[in-house]
file run-v3.cif (mmCIF, C-alpha atoms and all ligand atoms)
data_input
loop_
_atom_site.label_atom_id
_atom_site.label_comp_id
_atom_site.auth_asym_id
_atom_site.auth_seq_id
_atom_site.Cartn_x
_atom_site.Cartn_y
_atom_site.Cartn_z
CA MET A 1 13.91 27.99 -7.72
CA HIS A 2 11.77 28.80 -4.68
CA VAL A 3 8.71 26.54 -4.55
CA THR A 4 5.83 27.03 -2.11
CA ALA A 5 3.11 24.50 -1.40
CA ILE A 6 -0.39 25.51 -0.34
CA ILE A 7 -2.38 22.79 1.40
CA ALA A 8 -6.14 23.39 1.24
CA ALA A 9 -7.35 22.02 4.57
CA ALA A 10 -10.09 24.44 5.64
CA GLY A 11 -13.09 22.22 4.95
CA GLY A 12 -15.23 22.07 8.06
CA GLY A 13 -17.78 19.53 6.98
CA SER A 14 -17.54 15.82 6.77
CA ARG A 15 -19.54 13.47 4.60
CA LEU A 16 -18.04 10.70 6.66
CA GLY A 17 -20.51 11.16 9.50
CA THR A 18 -17.88 11.53 12.20
CA GLY A 19 -18.48 15.16 13.16
CA THR A 20 -14.76 15.83 12.82
CA PRO A 21 -13.57 17.45 9.58
CA LYS A 22 -12.10 14.62 7.56
CA GLN A 23 -8.58 16.09 7.32
CA PHE A 24 -8.20 15.59 11.09
CA LEU A 25 -9.26 11.93 11.06
CA ASP A 26 -6.65 9.36 11.96
CA LEU A 27 -4.94 7.09 9.42
CA ALA A 28 -2.89 4.57 11.39
CA GLY A 29 -1.47 7.00 13.92
CA ARG A 30 -1.24 10.14 11.78
CA SER A 31 -4.03 12.39 10.61
CA ILE A 32 -4.91 12.67 6.94
CA LEU A 33 -3.70 16.29 7.12
CA GLU A 34 -0.34 15.38 8.68
CA ARG A 35 0.31 12.77 5.99
CA SER A 36 -0.56 15.24 3.22
CA VAL A 37 1.54 18.03 4.73
CA LEU A 38 4.55 15.78 5.37
CA ALA A 39 4.58 14.60 1.76
CA PHE A 40 5.42 18.20 0.83
CA ALA A 41 7.45 19.16 3.90
CA ASP A 42 9.75 16.18 3.25
CA HIS A 43 10.16 17.02 -0.46
CA ALA A 44 13.58 18.49 -1.21
CA SER A 45 12.22 21.03 -3.75
CA ILE A 46 9.59 22.55 -1.44
CA ALA A 47 10.94 25.61 0.40
CA ASP A 48 7.87 26.40 2.48
CA LEU A 49 4.28 25.40 3.09
CA ILE A 50 1.15 27.37 3.83
CA VAL A 51 -1.73 25.38 5.29
CA ALA A 52 -5.23 26.90 5.06
CA LEU A 53 -7.05 25.64 8.16
CA PRO A 54 -10.51 26.19 9.68
CA ALA A 55 -10.31 29.40 11.78
CA ALA A 56 -10.60 27.49 15.07
CA ALA A 57 -7.64 25.30 14.13
CA VAL A 58 -5.46 28.31 13.25
CA ALA A 59 -5.83 29.57 16.83
CA GLU A 60 -4.74 26.17 18.08
CA PRO A 61 -2.81 24.36 15.34
CA PRO A 62 -2.02 20.64 15.63
CA SER A 63 1.00 20.10 17.90
CA TRP A 64 3.09 18.41 15.19
CA PHE A 65 3.20 21.74 13.27
CA ALA A 66 5.82 22.95 15.77
CA ALA A 67 8.35 20.40 14.53
CA HIS A 68 8.35 21.81 11.00
CA ARG A 69 9.82 25.24 10.39
CA LYS A 70 8.69 25.22 6.77
CA ILE A 71 5.01 25.34 7.79
CA ARG A 72 2.80 28.37 8.38
CA CYS A 73 -0.97 28.39 8.62
CA VAL A 74 -3.68 30.84 7.58
CA PRO A 75 -7.43 30.81 8.13
CA GLY A 76 -9.36 29.40 5.19
CA GLY A 77 -12.46 30.88 3.59
CA SER A 78 -15.94 29.54 2.97
CA ARG A 79 -15.10 28.09 -0.44
CA ARG A 80 -11.96 26.21 -1.36
CA GLN A 81 -10.91 29.00 -3.75
CA ASP A 82 -11.24 31.54 -0.89
CA SER A 83 -8.91 29.43 1.24
CA VAL A 84 -6.38 29.26 -1.58
CA ALA A 85 -6.67 33.04 -2.11
CA ASN A 86 -5.98 33.65 1.61
CA ALA A 87 -2.97 31.37 1.45
CA PHE A 88 -1.76 32.98 -1.75
CA ASP A 89 -1.67 36.35 0.05
CA ALA A 90 0.84 34.82 2.45
CA VAL A 91 3.17 33.53 -0.30
CA TRP A 92 6.55 35.21 -0.05
CA ALA A 93 7.72 37.48 -2.86
CA GLU A 94 10.65 35.23 -3.77
CA SER A 95 8.40 32.27 -4.48
CA GLU A 96 8.45 31.39 -8.19
CA VAL A 97 6.23 28.30 -8.35
CA VAL A 98 3.21 27.64 -6.14
CA LEU A 99 1.64 24.21 -5.72
CA ILE A 100 -1.89 23.67 -4.44
CA HIS A 101 -2.82 20.37 -2.88
CA ASP A 102 -5.98 18.95 -1.30
CA ALA A 103 -5.40 17.83 2.28
CA ALA A 104 -7.72 14.90 1.51
CA ARG A 105 -5.06 13.29 -0.74
CA PRO A 106 -2.59 11.91 1.82
CA PHE A 107 -0.90 9.40 -0.50
CA VAL A 108 0.66 11.84 -2.95
CA SER A 109 4.15 10.65 -3.91
CA ALA A 110 7.38 12.62 -4.23
CA GLU A 111 7.50 11.69 -7.94
CA VAL A 112 4.07 13.19 -8.59
CA ILE A 113 5.05 16.38 -6.72
CA SER A 114 8.26 16.62 -8.77
CA ARG A 115 6.39 16.19 -12.06
CA ALA A 116 3.99 19.00 -11.15
CA ILE A 117 6.85 21.36 -10.20
CA ASP A 118 8.84 20.64 -13.37
CA ALA A 119 5.83 21.14 -15.64
CA ALA A 120 4.80 24.41 -13.96
CA ALA A 121 8.35 25.76 -14.19
CA LYS A 122 8.39 24.93 -17.89
CA HIS A 123 4.84 25.82 -18.96
CA GLY A 124 3.51 28.16 -16.28
CA ALA A 125 0.56 25.96 -15.31
CA ALA A 126 0.15 22.21 -14.87
CA ILE A 127 -1.98 19.69 -13.06
CA VAL A 128 -1.43 16.02 -12.36
CA ALA A 129 -4.21 13.82 -13.72
CA VAL A 130 -4.97 10.20 -14.53
CA SER A 131 -6.43 8.72 -17.68
CA VAL A 132 -9.56 6.58 -17.53
CA ALA A 133 -9.75 2.89 -18.35
CA ASP A 134 -13.53 2.68 -18.71
CA THR A 135 -15.50 3.84 -21.72
CA VAL A 136 -17.01 7.25 -20.99
CA LYS A 137 -20.69 7.97 -21.66
CA GLN A 138 -22.44 11.29 -21.55
CA VAL A 139 -25.91 10.70 -20.18
CA VAL A 140 -29.12 12.74 -20.35
CA MET A 141 -32.48 12.26 -18.62
CA ARG A 142 -35.30 11.29 -20.93
CA ASP A 143 -38.77 10.64 -19.48
CA GLY A 144 -37.17 10.28 -16.08
CA GLU A 145 -34.69 7.62 -17.28
CA ARG A 146 -30.95 7.87 -17.91
CA VAL A 147 -30.08 7.51 -21.59
CA ILE A 148 -26.70 7.76 -23.29
CA GLU A 149 -26.42 10.83 -25.45
CA VAL A 150 -22.91 10.31 -26.71
CA THR A 151 -19.84 8.14 -26.15
CA ILE A 152 -16.85 10.34 -25.45
CA PRO A 153 -13.47 9.08 -26.72
CA ARG A 154 -11.75 8.12 -23.49
CA GLU A 155 -8.34 9.22 -24.83
CA SER A 156 -9.58 12.78 -24.39
CA ILE A 157 -10.65 12.29 -20.75
CA TYR A 158 -8.40 12.92 -17.75
CA LEU A 159 -9.40 13.01 -14.09
CA ALA A 160 -7.81 15.95 -12.30
CA GLN A 161 -5.91 15.32 -9.07
CA THR A 162 -3.72 17.59 -7.02
CA PRO A 163 -1.13 19.03 -6.73
CA GLN A 164 -1.87 21.69 -9.31
CA ALA A 165 1.17 23.87 -9.90
CA PHE A 166 1.54 27.37 -11.27
CA ARG A 167 4.10 30.03 -11.84
CA ARG A 168 3.37 32.68 -9.26
CA ASP A 169 2.27 35.35 -11.81
CA VAL A 170 -0.10 32.90 -13.50
CA LEU A 171 -1.72 31.94 -10.20
CA ALA A 172 -1.99 35.64 -9.24
CA ARG A 173 -4.22 36.25 -12.29
CA ALA A 174 -6.37 33.21 -11.43
CA VAL A 175 -6.77 34.29 -7.79
CA ALA A 176 -7.80 37.79 -8.96
CA LEU A 177 -10.37 36.25 -11.31
CA GLY A 178 -11.74 34.15 -8.44
CA ARG A 179 -12.03 37.26 -6.27
CA SER A 180 -13.95 39.02 -9.03
CA GLY A 181 -16.78 36.52 -8.49
CA VAL A 182 -15.94 33.56 -10.73
CA ASP A 183 -16.68 30.20 -9.08
CA ALA A 184 -14.43 27.24 -9.70
CA THR A 185 -13.87 23.82 -8.17
CA ASP A 186 -10.13 23.97 -8.77
CA GLU A 187 -7.42 26.50 -9.55
CA ALA A 188 -6.79 25.03 -13.00
CA ALA A 189 -10.34 26.07 -13.99
CA LEU A 190 -9.59 29.69 -13.00
CA VAL A 191 -6.27 29.65 -14.84
CA GLU A 192 -8.02 28.27 -17.94
CA GLN A 193 -10.59 31.06 -17.74
CA ALA A 194 -7.77 33.58 -17.30
CA GLY A 195 -6.60 32.40 -20.72
CA HIS A 196 -3.49 30.44 -19.81
CA ALA A 197 -2.90 26.91 -21.15
CA VAL A 198 -2.79 24.33 -18.37
CA HIS A 199 -0.59 21.31 -19.05
CA VAL A 200 -1.44 17.84 -17.86
CA VAL A 201 1.19 15.49 -16.44
CA GLU A 202 0.83 11.97 -15.15
CA GLY A 203 -0.78 11.58 -11.74
CA ASP A 204 -0.99 8.37 -9.78
CA SER A 205 -3.93 6.04 -9.24
CA LEU A 206 -2.86 5.71 -5.59
CA ASN A 207 -3.15 9.50 -5.10
CA VAL A 208 -6.80 9.14 -4.15
CA LYS A 209 -9.04 11.75 -2.55
CA ILE A 210 -10.68 10.50 0.63
CA THR A 211 -14.36 11.36 0.32
CA THR A 212 -16.52 8.44 1.37
CA GLU A 213 -16.55 5.99 4.28
CA ALA A 214 -15.24 3.30 1.89
CA ASP A 215 -12.35 5.59 0.83
CA LEU A 216 -11.46 6.10 4.49
CA GLU A 217 -11.53 2.37 5.21
CA ARG A 218 -9.27 1.60 2.25
CA ALA A 219 -6.93 4.44 3.22
CA ARG A 220 -6.69 3.14 6.79
CA ALA A 221 -5.93 -0.37 5.59
CA ARG A 222 -3.25 0.99 3.31
CA ALA A 223 -1.72 3.30 5.92
CA SER A 224 -1.62 0.50 8.49
CA GLY A 225 0.30 -1.70 6.08
CA ALA A 226 -2.49 -4.17 5.40
CA VAL A 227 -2.10 -6.16 2.21
CA ASP A 228 -1.97 -3.96 -0.83
CA ARG A 229 -3.03 -5.82 -3.97
CA THR A 230 -0.30 -4.08 -5.93
CA THR A 231 2.53 -5.40 -3.72
CA ALA A 232 1.15 -8.72 -2.44
CA ARG A 233 3.10 -11.82 -3.53
CA VAL A 234 2.12 -15.45 -3.36
CA GLY A 235 4.44 -18.47 -3.22
CA PHE A 236 4.01 -22.24 -3.47
CA GLY A 237 6.09 -25.03 -1.96
CA TYR A 238 6.08 -28.82 -2.25
CA ASP A 239 8.15 -31.51 -0.59
CA ASN A 240 8.15 -35.28 -0.17
CA HIS A 241 10.26 -37.86 1.59
CA ARG A 242 10.33 -41.61 1.70
CA LEU A 243 9.15 -43.27 4.90
CA VAL A 244 11.49 -45.92 6.32
CA GLU A 245 11.83 -47.82 9.56
CA GLY A 246 14.37 -46.62 12.06
CA ARG A 247 13.81 -42.88 11.44
CA ARG A 248 11.89 -40.37 13.53
CA LEU A 249 8.79 -38.74 12.05
CA ILE A 250 9.03 -34.96 12.50
CA ILE A 251 6.25 -32.76 11.13
CA GLY A 252 6.38 -29.02 11.71
CA GLY A 253 9.00 -29.59 14.40
CA VAL A 254 6.77 -32.01 16.32
CA GLU A 255 7.88 -35.63 16.76
CA ILE A 256 5.01 -38.02 16.13
CA ALA A 257 5.05 -41.65 17.29
CA SER A 258 5.18 -43.80 14.13
CA GLU A 259 6.53 -47.12 12.89
CA LYS A 260 8.29 -45.31 10.09
CA GLY A 261 9.99 -41.92 9.82
CA ALA A 262 10.98 -39.70 6.90
CA LEU A 263 14.32 -40.36 5.25
CA GLY A 264 16.50 -37.35 4.54
CA HIS A 265 19.68 -35.45 5.13
CA SER A 266 18.14 -33.15 7.74
CA ASP A 267 15.25 -34.18 9.97
CA ALA A 268 13.22 -34.52 6.73
CA ASP A 269 10.36 -32.38 8.01
CA VAL A 270 8.09 -32.02 4.97
CA ALA A 271 5.86 -29.33 6.49
CA CYS A 272 8.84 -27.07 7.18
CA HIS A 273 10.42 -27.79 3.81
CA ALA A 274 7.25 -26.97 1.88
CA ALA A 275 6.71 -23.83 3.97
CA ILE A 276 10.31 -22.69 3.37
CA ASP A 277 9.90 -23.11 -0.39
CA ALA A 278 6.57 -21.26 -0.31
CA ILE A 279 7.94 -18.20 1.48
CA LEU A 280 11.24 -18.13 -0.44
CA GLY A 281 9.30 -18.58 -3.68
CA ALA A 282 6.95 -15.71 -2.91
CA ALA A 283 9.94 -13.45 -2.24
CA GLY A 284 11.79 -14.67 -5.35
CA LEU A 285 14.70 -15.70 -3.13
CA GLY A 286 15.39 -19.15 -4.55
CA ASP A 287 14.54 -22.38 -2.76
CA ILE A 288 15.53 -24.51 0.21
CA GLY A 289 18.24 -26.28 -1.81
CA SER A 290 20.00 -23.04 -2.71
CA HIS A 291 20.10 -21.82 0.91
CA PHE A 292 20.58 -25.10 2.77
CA PRO A 293 22.15 -27.58 0.29
CA ASP A 294 22.12 -31.19 1.45
CA SER A 295 25.75 -31.44 0.29
CA ASP A 296 26.65 -29.11 3.17
CA PRO A 297 27.51 -31.03 6.38
CA ARG A 298 26.17 -28.06 8.41
CA TRP A 299 22.61 -29.13 7.62
CA GLU A 300 23.05 -32.83 8.40
CA GLY A 301 20.41 -33.70 10.99
CA ALA A 302 19.50 -30.03 11.18
CA SER A 303 16.23 -28.96 12.74
CA SER A 304 14.09 -27.87 9.81
CA LEU A 305 12.19 -25.58 12.15
CA ALA A 306 15.47 -23.66 12.64
CA LEU A 307 15.87 -23.47 8.84
CA LEU A 308 12.34 -22.10 8.58
CA ARG A 309 13.19 -19.49 11.21
CA GLN A 310 16.32 -18.51 9.23
CA SER A 311 14.34 -18.30 5.99
CA ALA A 312 11.73 -16.03 7.61
CA ALA A 313 14.52 -13.76 8.88
CA LEU A 314 15.95 -13.61 5.35
CA LEU A 315 12.57 -12.43 4.08
CA ARG A 316 12.25 -9.78 6.74
CA ASP A 317 15.73 -8.48 5.87
CA ALA A 318 14.56 -8.18 2.26
CA GLY A 319 11.59 -6.01 3.35
CA HIS A 320 8.84 -8.64 3.17
CA ARG A 321 6.21 -9.42 5.74
CA ILE A 322 4.56 -12.84 5.89
CA GLU A 323 0.77 -12.48 5.86
CA ASN A 324 -0.16 -16.14 6.11
CA VAL A 325 0.99 -19.66 5.36
CA ASP A 326 -1.27 -22.63 4.65
CA VAL A 327 0.16 -26.17 4.71
CA VAL A 328 -1.34 -29.52 3.70
CA VAL A 329 0.46 -32.65 4.92
CA VAL A 330 -0.35 -35.82 2.97
CA LEU A 331 0.28 -38.94 5.03
CA GLU A 332 -1.55 -42.26 5.18
CA ARG A 333 -0.72 -43.06 8.81
CA PRO A 334 -0.53 -42.21 11.64
CA LYS A 335 -3.25 -39.58 11.82
CA ILE A 336 -1.75 -36.18 12.51
CA ALA A 337 -4.99 -34.51 13.67
CA PRO A 338 -4.10 -34.82 17.38
CA HIS A 339 -0.85 -32.91 16.75
CA LEU A 340 -2.10 -30.11 14.49
CA THR A 341 -2.29 -27.45 17.22
CA ARG A 342 1.33 -27.97 18.27
CA ILE A 343 2.53 -28.12 14.67
CA ARG A 344 0.74 -24.89 13.89
CA GLU A 345 2.13 -23.12 16.95
CA GLY A 346 5.67 -24.27 16.16
CA LEU A 347 5.49 -23.10 12.56
CA ALA A 348 4.02 -19.72 13.60
CA THR A 349 6.79 -19.17 16.15
CA ALA A 350 9.49 -20.02 13.61
CA LEU A 351 7.87 -17.75 11.01
CA GLY A 352 7.58 -14.95 13.58
CA ILE A 353 3.86 -14.45 12.95
CA ALA A 354 0.66 -14.96 14.95
CA VAL A 355 -0.70 -18.48 15.09
CA GLU A 356 -3.93 -17.27 13.44
CA ARG A 357 -1.88 -16.65 10.30
CA VAL A 358 -0.77 -20.27 10.01
CA SER A 359 -2.95 -23.17 8.95
CA VAL A 360 -2.01 -26.87 8.86
CA LYS A 361 -4.28 -29.59 7.50
CA GLY A 362 -3.77 -33.36 7.33
CA LYS A 363 -4.89 -35.53 4.40
CA THR A 364 -4.54 -39.19 3.53
CA ASN A 365 -4.01 -40.29 -0.05
CA GLU A 366 -6.94 -42.76 0.06
CA GLY A 367 -4.60 -45.73 -0.34
CA VAL A 368 -3.40 -44.50 -3.74
CA ASP A 369 0.24 -44.68 -4.89
CA ALA A 370 3.36 -44.68 -2.70
CA ILE A 371 1.90 -42.26 -0.16
CA GLY A 372 -1.26 -44.35 0.03
CA ARG A 373 0.83 -47.47 0.66
CA GLY A 374 2.57 -45.70 3.54
CA GLU A 375 5.90 -45.50 1.73
CA ALA A 376 6.14 -41.70 1.56
CA ILE A 377 4.95 -38.43 3.06
CA ALA A 378 4.37 -35.16 1.19
CA ALA A 379 3.43 -31.59 1.98
CA HIS A 380 2.14 -28.63 -0.01
CA ALA A 381 2.25 -25.03 1.21
CA VAL A 382 1.22 -21.59 0.00
CA ALA A 383 2.37 -18.30 1.47
CA LEU A 384 1.26 -14.73 0.98
CA LEU A 385 3.72 -11.88 1.49
CA ALA A 386 3.10 -8.18 1.79
CA ARG A 387 5.66 -5.44 1.69
CA ALA A 388 6.67 -4.55 5.22
CA PRO A 389 5.20 -1.15 6.19
CA SER A 390 7.84 1.54 5.98
CA SER A 391 8.26 3.35 9.27
MG MG A 401 12.57 -32.06 2.01
#

call {"tool": "encode", "arguments": {"input": "run-v3.cif", "output": "structure tokens", "more": "lines below"}}
Ligand code: MG
result
Amino acid sequence: MHVTAIIAAAGGGSRLGTGTPKQFLDLAGRSILERSVLAFADHASIADLIVALPAAAVAEPPSWFAAHRKIRCVPGGSRRQDSVANAFDAVWAESEVVLIHDAARPFVSAEVISRAIDAAAKHGAAIVAVSVADTVKQVVMRDGERVIEVTIPRESIYLAQTPQAFRRDVLARAVALGRSGVDATDEAALVEQAGHAVHVVEGDSLNVKITTEADLERARARASGAVDRTTARVGFGYDNHRLVEGRRLIIGGVEIASEKGALGHSDADVACHAAIDAILGAAGLGDIGSHFPDSDPRWEGASSLALLRQSAALLRDAGHRIENVDVVVVLERPKIAPHLTRIREGLATALGIAVERVSVKGKTNEGVDAIGRGEAIAAHAVALLARAPSS
């Protein structure tokens, strides 16, 4: 089946106040348009793409176009439907299904594109759409105030996204209707008016349209790999060791002058041990004991900072990125405040992240229990992971 994608990218205005049409704005090194186009160009089922651009951009298309043989461009019209009609005229005769996508939706997934193609092939016309979670109210103005007229059952409400996909003959009738003077905000509306049932398949809440400044900011954060709430993971770690005479006191890889040191198989560095359990826990990769068992002679006297470095590497191999780590060391004496900067720097280096992403705080236990009596040291740590940005 020959499938063509039309990308509607001819809008010349921008509500974003930048002066540049929004499809040409940068999202972490690639324009919104390039990201939208590549989603289709990289899709195995798409045979060719037609991009409707502002006339000036057709004369001088973006340089990255040259790298993609599937892509052609045509000048758009004054309305979106005119741009689509111009592009439709350029669709090759062998094309059986035509998809139409807004350039302003750069996060469309391959799965969503596939669903639209399959539904159009089966039914002739389909859009991707998302259901609504909020209760929907129809509102009227009464004496200058907004008043609810009716509550609409939300099960019947879907928000249309793109792509919208049509069998070529179905879209041809819709384009003809549009040319006869009918106005529509999307192709599905024209197809509906042409009398063809339009099916609805599942869209994706991440397939957002970039319209406002806030949309653009969120899109940039997402494209740059900043923390995405849907993939962020948090982990917690705890460790304690007894304090005895004749041992060194190592905290975060830093040796601190002390009458007593922490007793343990390795260097008994509570800050590192808690941090290791926090990052491994966030990744669901077990704990320090499962990776570095104290029954294994390899770890006898081991530098815990080296174990932390190994654990961070393990996470990176699994596709995680460490956003930040926060550690609390609980110790009655000596005071660790003078050493916090070095501890923090050492932990950050081992974790492979900037020092600003690591925090270390010292607490006493106010004389309470074994820690308060100076018989033990403990540490707590939390870590936040994000999925590493895919390149
Ligand atoms: Mg330990």

call {"tool": "atom_distance", "arguments": {"input": "run-v3.cif", "atom1": "atom CA of Ala386 of chain A", "atom2": "atom CA of Asn324 of chain A"}}
result
9.6 Å

call {"tool": "residues_around", "arguments": {"input": "run-v3.cif", "residues": "Val254 of chain A", "least_positions_apart": "5", "cutoff": "8 Å", "atoms": "only C-alpha atoms", "output": "PDB file with C-alpha atoms, keeping the file's coordinate frame"}}
result
ATOM      1  CA  HIS A 339      -0.850 -32.910  16.750  1.00  0.00           C
ATOM      2  CA  ARG A 342       1.330 -27.970  18.270  1.00  0.00           C
ATOM      3  CA  ILE A 343       2.530 -28.120  14.670  1.00  0.00           C
ATOM      4  CA  GLY A 346       5.670 -24.270  16.160  1.00  0.00           C
TER       5      GLY A 346
END

call {"tool": "closest_atom_pairs", "arguments": {"input": "run-v3.cif", "of": "chain A", "to": "ligand MG 401 (chain A)", "cutoff": "8 Å", "atoms": "all atoms listed in the file", "output": "Markdown table"}}
result
| residue | atom | partner | partner_atom | distance |
| --- | --- | --- | --- | --- |
| A:Asp239 | CA | A:MG401 | MG | 5.2 |
| A:Asn240 | CA | A:MG401 | MG | 5.9 |
| A:His241 | CA | A:MG401 | MG | 6.3 |
| A:Gly264 | CA | A:MG401 | MG | 7.1 |
| A:Ala268 | CA | A:MG401 | MG | 5.4 |
| A:Asp269 | CA | A:MG401 | MG | 6.4 |
| A:Val270 | CA | A:MG401 | MG | 5.4 |
| A:His273 | CA | A:MG401 | MG | 5.1 |
| A:Ala274 | CA | A:MG401 | MG | 7.4 |

call {"tool": "closest_residue", "arguments": {"input": "run-v3.cif", "among": "A:Ile71, A:Leu263, A:Leu315, A:Leu38", "to": "Gly286 of chain A", "atoms": "only C-alpha atoms"}}
result
A:Leu315

call {"tool": "residues_near_point", "arguments": {"input": "run-v3.cif", "point": "(-2.9, 24.3, 15.3)", "cutoff": "12 Å", "atoms": "all atoms listed in the file", "output": "list in words"}}
result
Ala9, Phe24, Leu33, Glu34, Val51, Ala52, Leu53, Pro54, Ala55, Ala56, Ala57, Val58, Ala59, Glu60, Pro61, Pro62, Ser63, Trp64, Phe65, Ala66, Ala67, Ile71, Arg72, Cys73, Val74 and Pro75 of chain A

call {"tool": "residues_around", "arguments": {"input": "run-v3.cif", "residues": "Gly195 of chain A", "least_positions_apart": "2", "cutoff": "12 Å", "atoms": "only C-alpha atoms", "output": "list in words"}}
result
Gly124, Ala125, Val170, Leu171, Arg173, Ala174, Leu177, Ala188, Ala189, Leu190, Val191, Glu192, Gln193, Ala197 and Val198 of chain A

call {"tool": "closest_residue", "arguments": {"input": "run-v3.cif", "among": "A:Gly144, A:Pro334, A:Gly237, A:Gly181", "to": "Ala383 of chain A", "atoms": "only C-alpha atoms"}}
result
A:Gly237

call {"tool": "atom_distance", "arguments": {"input": "run-v3.cif", "atom1": "atom CA of Arg69 of chain A", "atom2": "atom CA of Ala47 of chain A"}}
result
10.1 Å

call {"tool": "atom_distance", "arguments": {"input": "run-v3.cif", "atom1": "atom CA of Glu255 of chain A", "atom2": "atom CA of Arg344 of chain A"}}
result
13.2 Å

call {"tool": "closest_residue", "arguments": {"input": "run-v3.cif", "among": "A:Ala133, A:Leu49, A:Ala283, A:Ala85", "to": "Val175 of chain A", "atoms": "only C-alpha atoms"}}
result
A:Ala85

call {"tool": "residues_around", "arguments": {"input": "run-v3.cif", "residues": "segment 102-110 of chain A", "least_positions_apart": "5", "cutoff": "9 Å", "atoms": "all atoms listed in the file", "output": "PyMOL selection string"}}
result
chain A and resi 6-10+22-23+31-40+42-43+51+115+161-163+203-204+206-211+219+223

call {"tool": "residues_around", "arguments": {"input": "run-v3.cif", "residues": "Ser295 of chain A", "least_positions_apart": "5", "cutoff": "10 Å", "atoms": "all atoms listed in the file", "output": "NGL selection string"}}
result
:A and (265 or 289 or 300)

call {"tool": "build_atoms", "arguments": {"input": "run-v3.cif", "residues": "segment 187-192 of chain A", "atoms": "all heavy atoms", "output": "short mmCIF file (atom, residue, chain, number, x, y, z; two decimals), in the coordinates of the input"}}
result
data_model
loop_
_atom_site.label_atom_id
_atom_site.label_comp_id
_atom_site.auth_asym_id
_atom_site.auth_seq_id
_atom_site.Cartn_x
_atom_site.Cartn_y
_atom_site.Cartn_z
N GLU A 187 -8.16 25.33 -9.06
CA GLU A 187 -7.42 26.50 -9.55
C GLU A 187 -7.17 26.41 -11.04
O GLU A 187 -7.12 27.44 -11.73
CB GLU A 187 -6.09 26.63 -8.80
CG GLU A 187 -6.23 27.18 -7.40
CD GLU A 187 -7.18 26.36 -6.54
OE1 GLU A 187 -6.99 25.12 -6.48
OE2 GLU A 187 -8.09 26.93 -5.94
N ALA A 188 -7.02 25.17 -11.56
CA ALA A 188 -6.79 25.03 -13.00
C ALA A 188 -7.94 25.67 -13.78
O ALA A 188 -7.70 26.33 -14.80
CB ALA A 188 -6.66 23.55 -13.36
N ALA A 189 -9.18 25.52 -13.28
CA ALA A 189 -10.34 26.07 -13.99
C ALA A 189 -10.23 27.60 -14.08
O ALA A 189 -10.57 28.20 -15.10
CB ALA A 189 -11.63 25.66 -13.29
N LEU A 190 -9.75 28.23 -12.99
CA LEU A 190 -9.59 29.69 -13.00
C LEU A 190 -8.46 30.11 -13.95
O LEU A 190 -8.58 31.10 -14.67
CB LEU A 190 -9.29 30.19 -11.58
CG LEU A 190 -10.45 30.09 -10.58
CD1 LEU A 190 -9.95 30.39 -9.17
CD2 LEU A 190 -11.59 31.04 -10.96
N VAL A 191 -7.40 29.33 -13.95
CA VAL A 191 -6.27 29.65 -14.84
C VAL A 191 -6.70 29.50 -16.30
O VAL A 191 -6.37 30.33 -17.15
CB VAL A 191 -5.05 28.74 -14.52
CG1 VAL A 191 -3.96 28.90 -15.57
CG2 VAL A 191 -4.49 29.08 -13.13
N GLU A 192 -7.49 28.45 -16.59
CA GLU A 192 -8.02 28.27 -17.94
C GLU A 192 -8.85 29.50 -18.33
O GLU A 192 -8.68 30.05 -19.43
CB GLU A 192 -8.95 27.04 -18.02
CG GLU A 192 -8.29 25.70 -17.85
CD GLU A 192 -9.30 24.64 -17.39
OE1 GLU A 192 -10.42 24.59 -17.93
OE2 GLU A 192 -8.96 23.89 -16.45
#
